[in-house]
Amino acid sequence: MLNLQNNIYSPQDLKALIMEVRRYGRWFAQTSVKTHVTGTASKEPLAISEAAVALIREVAEQQPLSQKVIDELIKSLEALEAASPRITITLAAVPGNKLKKVLVEWCRKNIDSSILVDFRFNATILGGMVVQYGSHVYDWSFRRQILAARGKFPGVLRNV
Amino acid sequence: MSIYLLIFLLVDVFIIGALMPLIFRHAYAHFWPEKHEQDKPHMTAAVRERLLHDSEVKYQKVLDHSVDVLERDLDKSAEQINSLVTRFAGVIVGDEMERYRAELSKLHKQAEADMSGIKQEIVGHQAEIEAKYKEELELERQRLISQIDTKLGDAVGSFLIETLQHNVDLGNQADYLVAMLEEHKQDFIKEVAGGDAKPAK
């Protein structure tokens with residue numbers, strides 16, 4: 001079972017990773033044929049993302065890289081895409097990388113190691129977050145909490 | 001004494017002796033003239049009466065005529081005098097009225113100038129008061145706004161702290177979000193396991 005790096009956290013990231021591995025697979029096949037025919041290895045490496053390079057390198061460390069291994073990797077990734085649980089976190093503003101990393105780490109540590117996190121933002125929630133997981137929606141937004149406690153505001157105002 | 005002088009004196013004495021009788025005669029005729037017959041009146045009393053009457057009538061006529069002329073002249077003079085007096089009076093009254101109008105106009109202008117000055121002073125004073133009032137109002141408004149802002153800020157802060165419970169940092173919510181996830185970790189685990197986790201609303 002593959003372990004996704006924390007920088008591959010959203011369904012879009014995983015889909016992009018699969019596409020890059022496929023592209024790498026095609027490039028690998030073409031390069032293999034060319035090497036077999038000309039006897040010289042290609043000097044120009046394929047430009048792919050660091051995440052894809054790290055994943056391929058991780059696989060290559062376990063077994064020699066071949067077209068079959070790459071195809072299996074692609075299948076594993078597609079299976080992972082289909083089977084991974086998904087959680088949607090809506091924040092009040094576009095989250096920074098640091099916050100994303102914290103939340104993804106927490107989700108993968110506490111919920112599922114292959115969970116995919118889809119970040120969205122909606123300024124009207126003011127703060128906090130709204131988490132959608134499975135069929136449940138957890139509204140921990142400031143807006144909901146403030147609206148729920150709006151009856152207390154006059155009392156607080158009187159006490160100031 | 002010369003002979004000539006002597007002769008001259010003798011001739012003079014002779015001439016004077018010849019002239020003296022003539023001088024006496026003429027002096028006598030002058031101081032005591034002789035009365036002549038033709039100087040005496042030769043008319044009768046009736047003639048004299050008639051002449052006197054005619055003279056009186058003529059004199060009366062002349063006198064009446066003179067009186068008429070004098071009356072007419074007097075009337076004419078009176079009319080002219082009246083006319084002149086009226087004209088002079090009109091001119092004088094006109095001049096006086098003109099002077100009075102000029103004086104009145106001058107006083108009016110002076111009063112207007114004074115009023116204008118007073119008005120300007122009032123307007124200036126009013127503007128000053130308004131500016132001062134506005135400034136004070138603005139200061140008071142700013143003070144009240146500041147007070148309201150402070151109070152409202154405190155109230156909102158207290159309300160948010162009381163409502164959100166957690167020590168939320170509105171600038172960095174990572175800890176708050178992780179705390180919320182930790183709080184509902186069991187729900188997620190149950191959901192992954194296929195249990196009926198109740199979402200915390």
# chains A, B, ... in the order shown; residues from 1 in each chain; ligands from 1
>>> closest_atom_pairs(of="chain B", to="chain A", cutoff="7 Å", atoms="only C-alpha atoms", output="Markdown table")
| residue | atom | partner | partner_atom | distance |
| --- | --- | --- | --- | --- |
| B:Lys151 | CA | A:Val160 | CA | 6.5 |
| B:Asp154 | CA | A:Val160 | CA | 6.7 |
| B:Ala155 | CA | A:Leu157 | CA | 5.1 |
| B:Ser158 | CA | A:Val156 | CA | 6.9 |
| B:Phe159 | CA | A:Val156 | CA | 6.2 |
| B:Thr163 | CA | A:Ala149 | CA | 6.3 |
| B:Leu164 | CA | A:Gln145 | CA | 6.7 |
| B:Ala174 | CA | A:Leu99 | CA | 6.0 |
| B:Leu177 | CA | A:Gly128 | CA | 6.5 |
| B:Val178 | CA | A:Leu103 | CA | 7.0 |
| B:Phe188 | CA | A:Ile111 | CA | 6.4 |
| B:Ile189 | CA | A:Ile111 | CA | 5.9 |
| B:Pro199 | CA | A:Tyr138 | CA | 5.9 |
| B:Ala200 | CA | A:Tyr138 | CA | 6.1 |
| B:Lys201 | CA | A:Asp139 | CA | 6.2 |
>>> residues_around(residues="Leu46 in chain A", least_positions_apart="3", cutoff="12 Å", atoms="only C-alpha atoms", output="count of residues only")
17
>>> closest_residue(among="A:Ile56, A:Met19, A:Ile8, A:Ala82", to="Asp118 in chain A", atoms="only C-alpha atoms")
A:Ile8
>>> atom_distance(atom1="CA of Gln186 in chain B", atom2="CA of Lys109 in chain A")
13.1 Å
>>> select_by_dssp(residues="chain A", states="helix (DSSP H, G or I)", output="PyMOL selection string")
chain A and resi 11-38+50-62+67-83+97-110+123-125+142-148+150-159
>>> write_last_selection(atoms="C-alpha atoms", output="short mmCIF file (atom, residue, chain, number, x, y, z; two decimals), in the first residue's frame")
data_model
loop_
_atom_site.label_atom_id
_atom_site.label_comp_id
_atom_site.auth_asym_id
_atom_site.auth_seq_id
_atom_site.Cartn_x
_atom_site.Cartn_y
_atom_site.Cartn_z
CA PRO A 11 -7.96 14.71 -5.02
CA GLN A 12 -6.61 17.16 -7.58
CA ASP A 13 -3.06 16.66 -6.35
CA LEU A 14 -3.48 12.88 -6.59
CA LYS A 15 -4.98 13.14 -10.07
CA ALA A 16 -2.09 15.38 -11.19
CA LEU A 17 0.36 12.90 -9.69
CA ILE A 18 -1.23 10.01 -11.61
CA MET A 19 -1.04 12.02 -14.84
CA GLU A 20 2.61 12.81 -14.24
CA VAL A 21 3.44 9.16 -13.51
CA ARG A 22 1.63 8.17 -16.71
CA ARG A 23 3.60 10.75 -18.64
CA TYR A 24 6.73 9.43 -17.01
CA GLY A 25 5.72 5.91 -17.98
CA ARG A 26 5.34 6.95 -21.62
CA TRP A 27 8.63 8.77 -21.53
CA PHE A 28 10.25 5.76 -19.84
CA ALA A 29 8.95 3.42 -22.56
CA GLN A 30 10.15 5.69 -25.35
CA THR A 31 13.54 6.15 -23.72
CA SER A 32 13.89 2.39 -23.17
CA VAL A 33 13.18 1.70 -26.85
CA LYS A 34 15.57 4.45 -27.93
CA THR A 35 18.29 3.12 -25.64
CA HIS A 36 17.70 -0.38 -26.88
CA VAL A 37 17.96 0.76 -30.52
CA THR A 38 20.76 3.33 -30.36
CA GLU A 50 9.16 16.86 -7.02
CA ALA A 51 6.33 14.77 -5.57
CA ALA A 52 6.30 12.53 -8.64
CA VAL A 53 10.09 12.25 -8.59
CA ALA A 54 10.04 11.31 -4.90
CA LEU A 55 7.34 8.69 -5.45
CA ILE A 56 9.13 7.10 -8.42
CA ARG A 57 12.39 7.19 -6.53
CA GLU A 58 10.73 5.47 -3.55
CA VAL A 59 9.38 2.72 -5.82
CA ALA A 60 12.71 2.38 -7.60
CA GLU A 61 14.45 1.85 -4.28
CA GLN A 62 12.24 -1.15 -3.58
CA GLN A 67 7.43 -0.46 -17.47
CA LYS A 68 5.55 -3.08 -15.56
CA VAL A 69 6.47 -1.55 -12.23
CA ILE A 70 5.35 1.86 -13.44
CA ASP A 71 2.06 0.44 -14.68
CA GLU A 72 1.51 -1.20 -11.31
CA LEU A 73 2.30 2.08 -9.64
CA ILE A 74 -0.28 3.82 -11.76
CA LYS A 75 -2.86 1.16 -10.93
CA SER A 76 -2.05 1.49 -7.25
CA LEU A 77 -2.48 5.22 -7.45
CA GLU A 78 -5.79 4.88 -9.28
CA ALA A 79 -6.95 2.38 -6.69
CA LEU A 80 -5.89 4.74 -3.99
CA GLU A 81 -7.80 7.58 -5.66
CA ALA A 82 -10.90 5.43 -5.80
CA ALA A 83 -10.65 4.04 -2.27
CA ASN A 97 0.63 25.98 3.30
CA LYS A 98 1.50 25.79 6.97
CA LEU A 99 -2.12 25.48 8.04
CA LYS A 100 -2.82 23.00 5.29
CA LYS A 101 0.14 20.90 6.41
CA VAL A 102 -1.03 20.94 10.05
CA LEU A 103 -4.57 19.88 9.14
CA VAL A 104 -3.48 17.22 6.61
CA GLU A 105 -1.00 15.76 9.12
CA TRP A 106 -3.68 15.60 11.75
CA CYS A 107 -6.20 13.95 9.42
CA ARG A 108 -3.70 11.36 8.18
CA LYS A 109 -2.49 10.65 11.69
CA ASN A 110 -5.88 10.43 13.36
CA ALA A 123 -15.57 34.25 3.81
CA THR A 124 -19.12 34.27 5.15
CA ILE A 125 -18.31 31.73 7.83
CA PHE A 142 -17.65 31.30 14.01
CA ARG A 143 -20.76 32.37 12.15
CA ARG A 144 -22.79 29.44 13.46
CA GLN A 145 -21.46 29.84 16.99
CA ILE A 146 -22.07 33.56 17.02
CA LEU A 147 -25.57 33.18 15.61
CA ALA A 148 -26.31 30.43 18.10
CA ARG A 150 -26.64 35.95 19.65
CA GLY A 151 -29.18 36.04 22.48
CA LYS A 152 -26.33 36.50 24.93
CA PHE A 153 -24.97 39.61 23.28
CA PRO A 154 -27.30 42.15 24.97
CA GLY A 155 -26.35 40.71 28.33
CA VAL A 156 -22.67 40.94 27.51
CA LEU A 157 -23.15 44.49 26.25
CA ARG A 158 -24.90 45.48 29.47
CA ASN A 159 -22.08 44.07 31.55
#
>>> select_by_dssp(residues="range 1-154 of chain A", states="strand (DSSP E or B)", output="PyMOL selection string")
chain A and resi 86-91+116-121+128-133+136-141
>>> write_last_selection(atoms="N, CA and C atoms", output="compact mmCIF listing (two decimals), in the first residue's frame")
# COMPACT_ATOMS: atom_id res chain seq x y z
N ARG A 86 -12.35 10.82 1.83
CA ARG A 86 -12.17 12.24 1.49
C ARG A 86 -12.86 13.11 2.53
N ILE A 87 -12.20 14.14 2.81
CA ILE A 87 -12.76 15.09 3.77
C ILE A 87 -12.66 16.49 3.14
N THR A 88 -13.70 17.25 3.33
CA THR A 88 -13.69 18.63 2.80
C THR A 88 -13.67 19.60 3.98
N ILE A 89 -12.68 20.43 3.97
CA ILE A 89 -12.57 21.44 5.04
C ILE A 89 -12.75 22.82 4.42
N THR A 90 -13.76 23.53 4.90
CA THR A 90 -14.01 24.89 4.41
C THR A 90 -13.56 25.88 5.47
N LEU A 91 -12.70 26.78 5.05
CA LEU A 91 -12.18 27.81 5.98
C LEU A 91 -12.67 29.20 5.54
N LEU A 116 -7.76 12.02 1.68
CA LEU A 116 -7.56 13.18 0.79
C LEU A 116 -8.37 14.36 1.35
N VAL A 117 -7.70 15.45 1.45
CA VAL A 117 -8.33 16.64 2.04
C VAL A 117 -8.55 17.68 0.95
N ASP A 118 -9.80 18.09 0.84
CA ASP A 118 -10.13 19.12 -0.15
C ASP A 118 -10.40 20.43 0.60
N PHE A 119 -9.54 21.40 0.36
CA PHE A 119 -9.70 22.68 1.07
C PHE A 119 -10.54 23.64 0.23
N ARG A 120 -11.47 24.27 0.88
CA ARG A 120 -12.27 25.32 0.23
C ARG A 120 -12.30 26.53 1.16
N PHE A 121 -12.72 27.65 0.61
CA PHE A 121 -12.86 28.81 1.51
C PHE A 121 -14.16 29.56 1.23
N GLY A 128 -13.13 29.80 12.00
CA GLY A 128 -13.41 28.41 12.31
C GLY A 128 -13.40 27.59 11.02
N MET A 129 -14.15 26.51 11.01
CA MET A 129 -14.19 25.70 9.78
C MET A 129 -15.46 24.89 9.72
N VAL A 130 -15.75 24.44 8.50
CA VAL A 130 -16.86 23.53 8.28
C VAL A 130 -16.25 22.28 7.67
N VAL A 131 -16.47 21.16 8.34
CA VAL A 131 -15.86 19.91 7.88
C VAL A 131 -16.96 19.00 7.34
N GLN A 132 -16.73 18.53 6.14
CA GLN A 132 -17.68 17.59 5.54
C GLN A 132 -16.96 16.26 5.38
N TYR A 133 -17.45 15.29 6.05
CA TYR A 133 -16.81 13.98 5.99
C TYR A 133 -17.90 12.94 5.84
N HIS A 136 -21.69 13.46 6.76
CA HIS A 136 -21.88 14.39 7.86
C HIS A 136 -21.19 15.73 7.62
N VAL A 137 -21.85 16.73 8.12
CA VAL A 137 -21.26 18.08 8.03
C VAL A 137 -21.10 18.59 9.45
N TYR A 138 -19.89 18.96 9.78
CA TYR A 138 -19.60 19.52 11.12
C TYR A 138 -19.35 21.02 10.96
N ASP A 139 -20.29 21.76 11.45
CA ASP A 139 -20.16 23.22 11.30
C ASP A 139 -19.56 23.80 12.57
N TRP A 140 -18.27 24.08 12.51
CA TRP A 140 -17.59 24.72 13.65
C TRP A 140 -17.18 26.14 13.28
N SER A 141 -18.00 26.71 12.46
CA SER A 141 -17.67 28.08 12.03
C SER A 141 -18.03 29.09 13.11
